[in-house]
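The block underneath contains the structure these notes are about, expressed in structure tokens.
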Amino acid sequence: MIERFLVEELEIDNADGHIDPGQDLLAAGLLDSMSITQIVVFLEDQFGTDIKDEDLIAENFSSIDAMAALVGGKG
């Protein structure tokens, strides 16, 4: 679900249309502050969670796995 959002809405993908869940998207330069804002809104809406200011650290948005862990830990 997170990968689909990144690919379809933010148009982030590799040649095969997939993103490795562990790929560091920040280090690869694929995410910026605007895309992270969009991701936060998506995660809050899709998973019914509230992402707090203290959650807005690079480690939580570096990869699909990290984003999944962030919302998984809020359940």
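Letters for chains follow the order of the structure tokens (A, B, ...), residue numbers begin at 1 for each chain, and ligand numbers begin at 1 in the order shown.
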Identify all residues of chain A in alpha helix (DSSP H) (DSSP on the backbone) and supply them as a CSV table (one decimal) with C-alpha atoms, in the first residue's frame.
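Writing done, so here's part-v8.csv:
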```
chain,number,residue,atom,x,y,z
A,2,ILE,CA,2.8,2.4,0.9
A,3,GLU,CA,4.8,1.4,-2.2
A,4,ARG,CA,1.8,1.9,-4.4
A,5,PHE,CA,1.3,5.4,-3.0
A,6,LEU,CA,5.0,6.2,-3.6
A,7,VAL,CA,4.9,4.9,-7.2
A,8,GLU,CA,1.5,6.1,-8.3
A,33,SER,CA,10.3,17.7,2.5
A,34,MET,CA,7.3,18.1,0.3
A,35,SER,CA,7.0,14.4,-0.5
A,36,ILE,CA,7.4,13.6,3.2
A,37,THR,CA,4.5,15.9,4.0
A,38,GLN,CA,2.4,14.1,1.4
A,39,ILE,CA,3.5,10.8,2.9
A,40,VAL,CA,2.5,11.9,6.4
A,41,VAL,CA,-1.0,12.9,5.2
A,42,PHE,CA,-1.3,9.6,3.4
A,43,LEU,CA,-0.2,7.5,6.4
A,44,GLU,CA,-2.5,9.3,8.7
A,45,ASP,CA,-5.5,9.0,6.4
A,46,GLN,CA,-4.9,5.4,5.3
A,47,PHE,CA,-3.9,3.9,8.7
A,58,ALA,CA,14.6,10.9,8.9
A,59,GLU,CA,14.8,7.4,10.2
A,60,ASN,CA,11.0,7.0,10.1
A,61,PHE,CA,10.8,8.0,6.4
A,64,ILE,CA,9.0,1.7,3.1
A,65,ASP,CA,10.0,-0.7,5.9
A,66,ALA,CA,10.6,2.3,8.2
A,67,MET,CA,7.3,3.9,7.3
A,68,ALA,CA,5.5,0.6,7.9
A,69,ALA,CA,7.2,0.2,11.3
A,70,LEU,CA,6.2,3.8,12.2
A,71,VAL,CA,2.5,3.2,11.6
A,72,GLY,CA,2.7,-0.4,12.9
```
Would you kindly return, as a list in words, each protein, DNA or RNA residue with an atom no farther than 7 Å from any atom of segment 23-31 of chain A, considering only C-alpha atoms and excluding same-chain residues fewer than 6 positions away?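 The filter keeps Ile12, Ser62 and Ser63 of chain A.
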Could you tell me how far atom CA of Leu56 of chain A lies from atom CA of Ile19 of chain A, in Å and to one decimal? 21.6 Å
Report the distance between atom CA of Met1 of chain A and atom CA of Glu54 of chain A in Å, rounded to one decimal place. 23.8 Å
